[in-house]
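Asker: Coordinates in coords26.cif, mmCIF, C-alpha atoms, are listed below.
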data_input
loop_
_atom_site.group_PDB
_atom_site.id
_atom_site.type_symbol
_atom_site.label_atom_id
_atom_site.label_comp_id
_atom_site.auth_asym_id
_atom_site.auth_seq_id
_atom_site.Cartn_x
_atom_site.Cartn_y
_atom_site.Cartn_z
ATOM 1 C CA MET A 1 46.866 93.580 -128.957
ATOM 2 C CA VAL A 2 49.568 95.939 -127.673
ATOM 3 C CA LYS A 3 49.784 99.185 -129.650
ATOM 4 C CA GLU A 4 52.270 101.281 -127.642
ATOM 5 C CA THR A 5 54.428 101.154 -124.512
ATOM 6 C CA HIS A 6 55.397 104.274 -122.551
ATOM 7 C CA HIS A 7 57.924 104.463 -119.710
ATOM 8 C CA ARG A 8 56.682 106.498 -116.745
ATOM 9 C CA THR A 9 58.876 108.650 -114.518
ATOM 10 C CA ASP A 10 58.460 106.215 -111.602
ATOM 11 C CA GLY A 11 59.911 103.369 -113.694
ATOM 12 C CA SER A 12 56.588 101.654 -114.356
ATOM 13 C CA TRP A 13 54.936 101.355 -117.769
ATOM 14 C CA ASN A 14 51.780 102.383 -119.544
ATOM 15 C CA VAL A 15 50.798 99.700 -122.045
ATOM 16 C CA ILE A 16 48.301 100.846 -124.666
ATOM 17 C CA THR A 17 46.246 97.985 -126.093
ATOM 18 C CA ASP A 18 43.333 97.781 -128.501
ATOM 19 C CA LYS A 19 41.133 97.375 -125.401
ATOM 20 C CA GLY A 20 42.510 100.258 -123.376
ATOM 21 C CA LEU A 21 45.383 101.204 -121.078
ATOM 22 C CA ILE A 22 47.173 98.870 -118.673
ATOM 23 C CA HIS A 23 49.471 100.258 -115.980
ATOM 24 C CA ALA A 24 52.245 97.711 -115.353
ATOM 25 C CA GLU A 25 55.117 97.757 -112.898
ATOM 26 C CA HIS A 26 57.185 95.569 -115.250
ATOM 27 C CA ILE A 27 57.150 94.619 -118.941
ATOM 28 C CA VAL A 28 58.407 91.272 -120.270
ATOM 29 C CA ASN A 29 58.945 91.176 -124.022
ATOM 30 C CA ASP A 30 58.178 87.619 -125.066
ATOM 31 C CA GLY A 31 56.867 88.686 -128.455
ATOM 32 C CA GLY A 32 58.251 85.720 -130.389
ATOM 33 C CA LEU A 33 58.218 86.545 -134.095
ATOM 34 C CA TRP A 34 57.138 90.087 -133.150
ATOM 35 C CA ALA A 35 59.749 90.719 -130.425
ATOM 36 C CA ARG A 36 61.585 93.188 -132.657
ATOM 37 C CA GLU A 37 58.423 95.196 -133.233
ATOM 38 C CA VAL A 38 57.464 95.134 -129.547
ATOM 39 C CA GLY A 39 60.957 96.330 -128.625
ATOM 40 C CA LYS A 40 60.717 99.239 -131.048
ATOM 41 C CA MET A 41 57.718 100.543 -129.097
ATOM 42 C CA ALA A 42 60.107 101.211 -126.208
ATOM 43 C CA GLY A 43 63.003 102.340 -128.400
ATOM 44 C CA ILE A 44 64.902 99.074 -127.860
ATOM 45 C CA TYR A 45 66.648 97.124 -130.622
ATOM 46 C CA PHE A 46 66.586 93.359 -130.162
ATOM 47 C CA PRO A 47 69.142 91.535 -132.352
ATOM 48 C CA LEU A 48 66.780 88.900 -133.719
ATOM 49 C CA HIS A 49 65.789 87.643 -137.122
ATOM 50 C CA PRO A 50 63.314 84.981 -138.276
ATOM 51 C CA MET A 51 64.502 82.177 -140.539
ATOM 52 C CA LYS A 52 62.422 79.888 -142.721
ATOM 53 C CA HIS A 53 62.686 76.312 -141.484
ATOM 54 C CA GLN A 54 61.280 73.141 -142.969
ATOM 55 C CA HIS A 55 60.787 69.641 -141.634
ATOM 56 C CA LEU A 56 58.928 66.542 -142.754
ATOM 57 C CA VAL A 57 56.838 63.934 -140.950
ATOM 58 C CA THR A 58 56.802 60.479 -142.531
ATOM 59 C CA ASP A 59 54.133 57.834 -142.794
ATOM 60 C CA ASP A 60 54.357 54.856 -140.447
ATOM 61 C CA ILE A 61 57.674 52.996 -140.550
ATOM 62 C CA PRO A 62 57.553 49.265 -139.656
ATOM 63 C CA MET A 63 60.683 49.533 -137.499
ATOM 64 C CA ILE A 64 59.151 52.377 -135.484
ATOM 65 C CA VAL A 65 55.844 50.539 -135.156
ATOM 66 C CA GLU A 66 57.731 47.559 -133.727
ATOM 67 C CA LEU A 67 59.532 49.808 -131.234
ATOM 68 C CA VAL A 68 56.235 51.285 -130.070
ATOM 69 C CA GLU A 69 54.698 47.835 -129.688
ATOM 70 C CA ASN A 70 57.668 46.886 -127.469
ATOM 71 C CA ASN A 71 57.250 50.097 -125.442
ATOM 72 C CA GLU A 72 60.546 51.449 -126.766
ATOM 73 C CA LYS A 73 61.523 54.661 -128.557
ATOM 74 C CA HIS A 74 63.830 55.560 -131.406
ATOM 75 C CA ALA A 75 66.837 57.681 -130.468
ATOM 76 C CA HIS A 76 67.030 61.360 -131.321
ATOM 77 C CA VAL A 77 69.660 61.848 -134.039
ATOM 78 C CA VAL A 78 71.738 64.872 -135.073
ATOM 79 C CA ASP A 79 73.920 64.600 -138.181
ATOM 80 C CA PRO A 80 76.531 67.397 -138.237
ATOM 81 C CA SER A 81 77.775 66.453 -141.723
ATOM 82 C CA ARG A 82 74.602 67.668 -143.421
ATOM 83 C CA GLU A 83 72.897 69.667 -140.672
ATOM 84 C CA THR A 84 69.925 67.333 -140.222
ATOM 85 C CA TYR A 85 68.087 66.034 -137.191
ATOM 86 C CA LEU A 86 65.409 63.432 -136.674
ATOM 87 C CA ARG A 87 63.260 62.029 -133.920
ATOM 88 C CA GLN A 88 60.361 59.668 -133.544
ATOM 89 C CA GLU A 89 56.951 61.140 -134.338
ATOM 90 C CA GLY A 90 54.178 58.677 -133.537
ATOM 91 C CA HIS A 91 54.812 55.613 -135.698
ATOM 92 C CA GLY A 92 57.019 57.582 -138.076
ATOM 93 C CA ILE A 93 59.913 60.032 -138.116
ATOM 94 C CA CYS A 94 60.141 63.812 -138.017
ATOM 95 C CA ILE A 95 63.242 64.944 -139.917
ATOM 96 C CA GLY A 96 64.370 68.542 -140.281
ATOM 97 C CA PHE A 97 67.107 70.329 -142.175
ATOM 98 C CA TYR A 98 69.369 73.312 -141.541
ATOM 99 C CA GLU A 99 70.039 73.615 -145.247
ATOM 100 C CA GLN A 100 72.863 75.738 -146.649
ATOM 101 C CA PRO A 101 70.722 77.702 -149.156
ATOM 102 C CA CYS A 102 68.648 78.974 -146.239
ATOM 103 C CA ARG A 103 66.291 81.931 -146.447
ATOM 104 C CA PRO A 104 65.713 84.716 -143.901
ATOM 105 C CA TRP A 105 62.102 85.797 -143.468
ATOM 106 C CA ALA A 106 60.407 89.145 -142.829
ATOM 107 C CA ILE A 107 63.529 91.242 -143.317
ATOM 108 C CA ASP A 108 61.507 94.460 -143.056
ATOM 109 C CA GLY A 109 59.581 93.277 -139.987
ATOM 110 C CA THR A 110 57.089 90.578 -139.066
ATOM 111 C CA PRO A 111 53.587 91.404 -140.355
ATOM 112 C CA TRP A 112 51.160 91.933 -137.486
ATOM 113 C CA GLU A 113 48.509 89.965 -139.339
ATOM 114 C CA PHE A 114 50.705 86.852 -139.631
ATOM 115 C CA GLY A 115 49.033 84.079 -137.645
ATOM 116 C CA PRO A 116 49.314 80.309 -137.232
ATOM 117 C CA GLU A 117 49.478 79.668 -140.974
ATOM 118 C CA LEU A 118 52.527 78.000 -142.505
ATOM 119 C CA LEU A 119 54.724 79.153 -145.364
ATOM 120 C CA PRO A 120 54.449 77.527 -148.825
ATOM 121 C CA GLU A 121 56.363 74.283 -149.204
ATOM 122 C CA ASN A 122 59.791 74.658 -150.826
ATOM 123 C CA PHE A 123 61.397 71.323 -151.648
ATOM 124 C CA GLU A 124 63.943 72.956 -153.959
ATOM 125 C CA LYS A 125 65.589 74.589 -150.958
ATOM 126 C CA ILE A 126 66.098 71.256 -149.164
ATOM 127 C CA GLU A 127 66.614 69.031 -152.219
ATOM 128 C CA ASP A 128 70.273 68.296 -151.476
ATOM 129 C CA SER A 129 69.505 67.688 -147.801
ATOM 130 C CA ILE A 130 66.769 65.185 -148.651
ATOM 131 C CA LYS A 131 69.010 63.326 -151.113
ATOM 132 C CA PHE A 132 71.699 62.997 -148.471
ATOM 133 C CA ALA A 133 69.154 61.920 -145.839
ATOM 134 C CA TYR A 134 67.928 59.116 -148.109
ATOM 135 C CA LYS A 135 71.505 57.839 -148.324
ATOM 136 C CA ARG A 136 72.084 58.195 -144.586
ATOM 137 C CA TYR A 137 68.733 56.672 -143.596
ATOM 138 C CA PRO A 138 67.763 54.149 -146.325
ATOM 139 C CA GLU A 139 64.411 53.404 -144.685
ATOM 140 C CA LEU A 140 63.228 56.857 -145.773
ATOM 141 C CA LYS A 141 63.486 55.861 -149.457
ATOM 142 C CA VAL A 142 60.492 53.546 -149.148
ATOM 143 C CA THR A 143 58.491 55.691 -146.718
ATOM 144 C CA GLY A 144 55.863 58.215 -147.731
ATOM 145 C CA ILE A 145 55.619 61.760 -146.427
ATOM 146 C CA LYS A 146 52.600 62.497 -144.245
ATOM 147 C CA SER A 147 53.066 66.240 -143.857
ATOM 148 C CA VAL A 148 55.453 69.106 -144.577
ATOM 149 C CA ILE A 149 55.900 71.889 -142.023
ATOM 150 C CA HIS A 150 57.522 75.092 -143.282
ATOM 151 C CA GLY A 151 57.460 78.106 -141.001
ATOM 152 C CA PRO A 152 59.568 80.884 -139.467
ATOM 153 C CA PHE A 153 61.291 80.996 -136.095
ATOM 154 C CA THR A 154 63.677 83.531 -134.591
ATOM 155 C CA PHE A 155 67.368 83.454 -133.797
ATOM 156 C CA ALA A 156 69.836 85.817 -132.183
ATOM 157 C CA PRO A 157 73.256 86.090 -133.901
ATOM 158 C CA ASP A 158 74.726 83.327 -131.707
ATOM 159 C CA GLY A 159 71.579 81.191 -131.643
ATOM 160 C CA ASN A 160 70.935 81.617 -127.927
ATOM 161 C CA PRO A 161 67.845 83.247 -126.382
ATOM 162 C CA LEU A 162 67.721 86.873 -125.218
ATOM 163 C CA VAL A 163 66.637 86.827 -121.581
ATOM 164 C CA ASP A 164 66.724 88.915 -118.388
ATOM 165 C CA PRO A 165 66.694 92.691 -117.714
ATOM 166 C CA VAL A 166 67.391 95.013 -120.628
ATOM 167 C CA PRO A 167 70.357 97.248 -119.665
ATOM 168 C CA GLY A 168 69.531 100.896 -119.099
ATOM 169 C CA VAL A 169 65.742 100.486 -119.241
ATOM 170 C CA GLN A 170 64.118 100.185 -115.830
ATOM 171 C CA ASN A 171 61.649 97.329 -115.335
ATOM 172 C CA TYR A 172 61.913 96.058 -118.920
ATOM 173 C CA TRP A 173 62.710 92.356 -119.322
ATOM 174 C CA ALA A 174 63.361 90.087 -122.275
ATOM 175 C CA ALA A 175 62.322 86.513 -122.964
ATOM 176 C CA CYS A 176 62.708 86.207 -126.717
ATOM 177 C CA GLY A 177 64.791 84.450 -129.339
ATOM 178 C CA VAL A 178 63.745 81.131 -127.812
ATOM 179 C CA MET A 179 63.929 79.119 -131.022
ATOM 180 C CA ALA A 180 63.214 75.766 -129.345
ATOM 181 C CA GLY A 181 60.258 76.720 -127.189
ATOM 182 C CA PHE A 182 59.265 73.315 -125.848
ATOM 183 C CA SER A 183 62.801 72.405 -124.771
ATOM 184 C CA GLN A 184 64.083 75.850 -123.707
ATOM 185 C CA GLY A 185 60.942 77.600 -122.494
ATOM 186 C CA GLY A 186 60.835 76.090 -119.028
ATOM 187 C CA GLY A 187 64.406 77.028 -118.156
ATOM 188 C CA VAL A 188 64.047 80.508 -119.647
ATOM 189 C CA GLY A 189 60.881 81.178 -117.660
ATOM 190 C CA PHE A 190 62.370 79.806 -114.457
ATOM 191 C CA SER A 191 65.561 81.888 -114.590
ATOM 192 C CA LEU A 192 63.623 85.018 -115.527
ATOM 193 C CA ALA A 193 61.137 84.537 -112.675
ATOM 194 C CA GLN A 194 63.973 84.054 -110.186
ATOM 195 C CA TRP A 195 65.718 87.218 -111.364
ATOM 196 C CA MET A 196 62.516 89.273 -111.154
ATOM 197 C CA ILE A 197 61.456 87.959 -107.742
ATOM 198 C CA GLU A 198 64.707 87.076 -105.968
ATOM 199 C CA GLY A 199 67.038 89.589 -107.606
ATOM 200 C CA GLU A 200 69.210 87.004 -109.365
ATOM 201 C CA PRO A 201 68.908 83.488 -110.837
ATOM 202 C CA GLU A 202 70.465 80.552 -109.006
ATOM 203 C CA ARG A 203 72.496 79.516 -112.062
ATOM 204 C CA SER A 204 74.740 81.460 -114.427
ATOM 205 C CA VAL A 205 72.751 82.809 -117.363
ATOM 206 C CA MET A 206 75.626 84.547 -119.125
ATOM 207 C CA ALA A 207 75.044 82.598 -122.352
ATOM 208 C CA ILE A 208 71.437 83.817 -122.665
ATOM 209 C CA ASP A 209 71.717 87.245 -121.015
ATOM 210 C CA VAL A 210 70.415 89.956 -123.351
ATOM 211 C CA ALA A 211 73.220 92.197 -122.029
ATOM 212 C CA ARG A 212 75.839 90.153 -123.935
ATOM 213 C CA PHE A 213 75.102 92.347 -126.969
ATOM 214 C CA GLY A 214 76.130 95.958 -126.477
ATOM 215 C CA ASP A 215 75.216 99.244 -128.138
ATOM 216 C CA TRP A 216 77.305 98.254 -131.168
ATOM 217 C CA ILE A 217 74.776 95.664 -132.328
ATOM 218 C CA THR A 218 72.856 96.584 -135.508
ATOM 219 C CA SER A 219 70.583 94.887 -138.012
ATOM 220 C CA GLN A 220 73.479 94.966 -140.497
ATOM 221 C CA TYR A 221 75.374 92.671 -138.116
ATOM 222 C CA THR A 222 72.411 90.620 -136.961
ATOM 223 C CA LEU A 223 71.089 89.359 -140.293
ATOM 224 C CA PRO A 224 74.294 87.838 -141.760
ATOM 225 C CA LYS A 225 75.258 86.335 -138.391
ATOM 226 C CA VAL A 226 71.808 84.762 -137.955
ATOM 227 C CA VAL A 227 72.130 83.231 -141.438
ATOM 228 C CA GLU A 228 75.610 81.945 -140.563
ATOM 229 C CA ASN A 229 74.360 80.509 -137.279
ATOM 230 C CA TYR A 230 71.534 78.706 -139.089
ATOM 231 C CA GLN A 231 73.916 77.186 -141.635
ATOM 232 C CA LYS A 232 76.304 76.006 -138.925
ATOM 233 C CA ARG A 233 73.664 74.995 -136.382
ATOM 234 C CA PHE A 234 75.099 71.511 -135.847
ATOM 235 C CA SER A 235 78.598 72.047 -137.241
ATOM 236 C CA ILE A 236 81.542 70.799 -135.223
ATOM 237 C CA THR A 237 84.140 73.550 -135.014
#
Starting from the coordinates I provided, produce the structure as structure tokens.
Answerer:
Amino acid sequence: MVKETHHRTDGSWNVITDKGLIHAEHIVNDGGLWAREVGKMAGIYFPLHPMKHQHLVTDDIPMIVELVENNEKHAHVVDPSRETYLRQEGHGICIGFYEQPCRPWAIDGTPWEFGPELLPENFEKIEDSIKFAYKRYPELKVTGIKSVIHGPFTFAPDGNPLVDPVPGVQNYWAACGVMAGFSQGGGVGFSLAQWMIEGEPERSVMAIDVARFGDWITSQYTLPKVVENYQKRFSIT
């Protein structure tokens, strides 16, 4: 585990871990839920905040089973009217909610001891979303729930990742705020690797460049904007 980071006069870094010192030419902060805490070690504020997010996985649905047997797949669905999404999960459906009474998590910082455990289930928070989903997707009314996943993930104020070199701090790079890791991680890693090795990425990364937030950014701005972004995740403006 990293305990401290210290910038050396030659631009490289001393990284103090629980197993000793590592001398690194570059640092990449991909701390996930702990990116804020890792940034603080170098005196850098990253405008990120974790939000509690909940989704459900259903039991087998006959329609989905039939699709699988025919080597077909159910379409991914996003419903902007009630901020829900669903996709096929095995022989059932995974459905998630960007509910309006959303809850930020770890306002005072992510606990270092937090691990792979999930947060307690909270159906009250998504009650209205579930009711609407049952009307929108009638098949769900007669389908059982196999599992409930409730956990935190991080957002920047505009919902985009924070990537690339941190302005004013030599050899310090960011790869955090990647809320959809499986779908965004490959592109984030590719553009970051190109910038570090080639000097610039081949595509414009303005939308995810950490430099889009200036010195004016504070936690007092970040938290309410992250909540707003969560509530309007799929909204059509």
Asker: Closest to Thr143 in chain A among A:Glu72, A:Asp79, A:Asp59, A:Glu121, using only C-alpha atoms?
Answerer: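 The shortest atom-to-atom distance to Thr143 in chain A comes from A:Asp59.
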Asker: Do you know which residues the PyMOL selection byres ((chain A and resi 151-157) around 9) returns on this file, as JSON, numbers by chain?
Answerer: {"A": [32, 33, 46, 47, 48, 49, 50, 51, 52, 53, 54, 104, 105, 106, 117, 118, 119, 120, 149, 150, 158, 159, 160, 161, 162, 176, 177, 178, 179, 180, 221, 222, 223, 224, 225, 226, 227, 228, 229, 230]}
Asker: As a check of understanding, name the residues that the PyMOL selection byres ((chain A and resi 14) around 10) selects in the supplied structure, as a PyMOL selection string.
Answerer: chain A and resi 4-8+12-13+15-17+21-27
Asker: If you measure from CA of Lys125 in chain A to CA of Pro101 in chain A, what distance in Å do you get, rounded to one decimal?
Answerer: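 Straight-line distance from CA of Lys125 in chain A to CA of Pro101 in chain A works out to 6.3 Å.
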Asker: Quote the spacing between CA of Ala207 in chain A and CA of Gly168 in chain A in Å to one decimal place.
Answerer: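 Interatomic distance, CA of Ala207 in chain A to CA of Gly168 in chain A: 19.4 Å.
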Asker: Taking the file above as input, evaluate the PyMOL selection byres ((chain A and resi 41) around 9) and report the hits as a PyMOL selection string.
Answerer: chain A and resi 3-6+37-40+42-44
Asker: Go ahead and save the picked residues with C-alpha atoms, as a PDB file, keeping the file's coordinate frame.
Answerer:
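What ended up in result28.pdb:
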ATOM      1  CA  LYS A   3      49.784  99.185-129.650  1.00  0.00           C
ATOM      2  CA  GLU A   4      52.270 101.281-127.642  1.00  0.00           C
ATOM      3  CA  THR A   5      54.428 101.154-124.512  1.00  0.00           C
ATOM      4  CA  HIS A   6      55.397 104.274-122.551  1.00  0.00           C
ATOM      5  CA  GLU A  37      58.423  95.196-133.233  1.00  0.00           C
ATOM      6  CA  VAL A  38      57.464  95.134-129.547  1.00  0.00           C
ATOM      7  CA  GLY A  39      60.957  96.330-128.625  1.00  0.00           C
ATOM      8  CA  LYS A  40      60.717  99.239-131.048  1.00  0.00           C
ATOM      9  CA  ALA A  42      60.107 101.211-126.208  1.00  0.00           C
ATOM     10  CA  GLY A  43      63.003 102.340-128.400  1.00  0.00           C
ATOM     11  CA  ILE A  44      64.902  99.074-127.860  1.00  0.00           C
TER      12      ILE A  44
END
Asker: Which value, in Å to one decimal, gives the distance between CA of Trp216 in chain A and CA of Val2 in chain A?
Answerer: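 Result for CA of Trp216 in chain A versus CA of Val2 in chain A: 28.1 Å, one decimal.
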Asker: Mind listing as a PDB file with C-alpha atoms, in the frame of the given file all residues within 12 Å of (62.8, 61.1, -135.5), counting all atoms listed in the file?
Answerer:
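Output contents, as saved in out_33.pdb:
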ATOM      1  CA  HIS A  55      60.787  69.641-141.634  1.00  0.00           C
ATOM      2  CA  LEU A  56      58.928  66.542-142.754  1.00  0.00           C
ATOM      3  CA  VAL A  57      56.838  63.934-140.950  1.00  0.00           C
ATOM      4  CA  THR A  58      56.802  60.479-142.531  1.00  0.00           C
ATOM      5  CA  ASP A  59      54.133  57.834-142.794  1.00  0.00           C
ATOM      6  CA  ASP A  60      54.357  54.856-140.447  1.00  0.00           C
ATOM      7  CA  ILE A  61      57.674  52.996-140.550  1.00  0.00           C
ATOM      8  CA  MET A  63      60.683  49.533-137.499  1.00  0.00           C
ATOM      9  CA  ILE A  64      59.151  52.377-135.484  1.00  0.00           C
ATOM     10  CA  LYS A  73      61.523  54.661-128.557  1.00  0.00           C
ATOM     11  CA  HIS A  74      63.830  55.560-131.406  1.00  0.00           C
ATOM     12  CA  ALA A  75      66.837  57.681-130.468  1.00  0.00           C
ATOM     13  CA  HIS A  76      67.030  61.360-131.321  1.00  0.00           C
ATOM     14  CA  VAL A  77      69.660  61.848-134.039  1.00  0.00           C
ATOM     15  CA  VAL A  78      71.738  64.872-135.073  1.00  0.00           C
ATOM     16  CA  ASP A  79      73.920  64.600-138.181  1.00  0.00           C
ATOM     17  CA  THR A  84      69.925  67.333-140.222  1.00  0.00           C
ATOM     18  CA  TYR A  85      68.087  66.034-137.191  1.00  0.00           C
ATOM     19  CA  LEU A  86      65.409  63.432-136.674  1.00  0.00           C
ATOM     20  CA  ARG A  87      63.260  62.029-133.920  1.00  0.00           C
ATOM     21  CA  GLN A  88      60.361  59.668-133.544  1.00  0.00           C
ATOM     22  CA  GLU A  89      56.951  61.140-134.338  1.00  0.00           C
ATOM     23  CA  GLY A  90      54.178  58.677-133.537  1.00  0.00           C
ATOM     24  CA  HIS A  91      54.812  55.613-135.698  1.00  0.00           C
ATOM     25  CA  GLY A  92      57.019  57.582-138.076  1.00  0.00           C
ATOM     26  CA  ILE A  93      59.913  60.032-138.116  1.00  0.00           C
ATOM     27  CA  CYS A  94      60.141  63.812-138.017  1.00  0.00           C
ATOM     28  CA  ILE A  95      63.242  64.944-139.917  1.00  0.00           C
ATOM     29  CA  GLY A  96      64.370  68.542-140.281  1.00  0.00           C
ATOM     30  CA  TYR A 137      68.733  56.672-143.596  1.00  0.00           C
ATOM     31  CA  LEU A 140      63.228  56.857-145.773  1.00  0.00           C
TER      32      LEU A 140
END
Asker: Tell me which of A:Thr218, A:Lys232, A:Ile130, A:Ala35 sits closest to Gly109 in chain A, counting all atoms listed in the file.
Answerer: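 Residue with the minimum atom-to-atom distance to Gly109 in chain A: A:Ala35.
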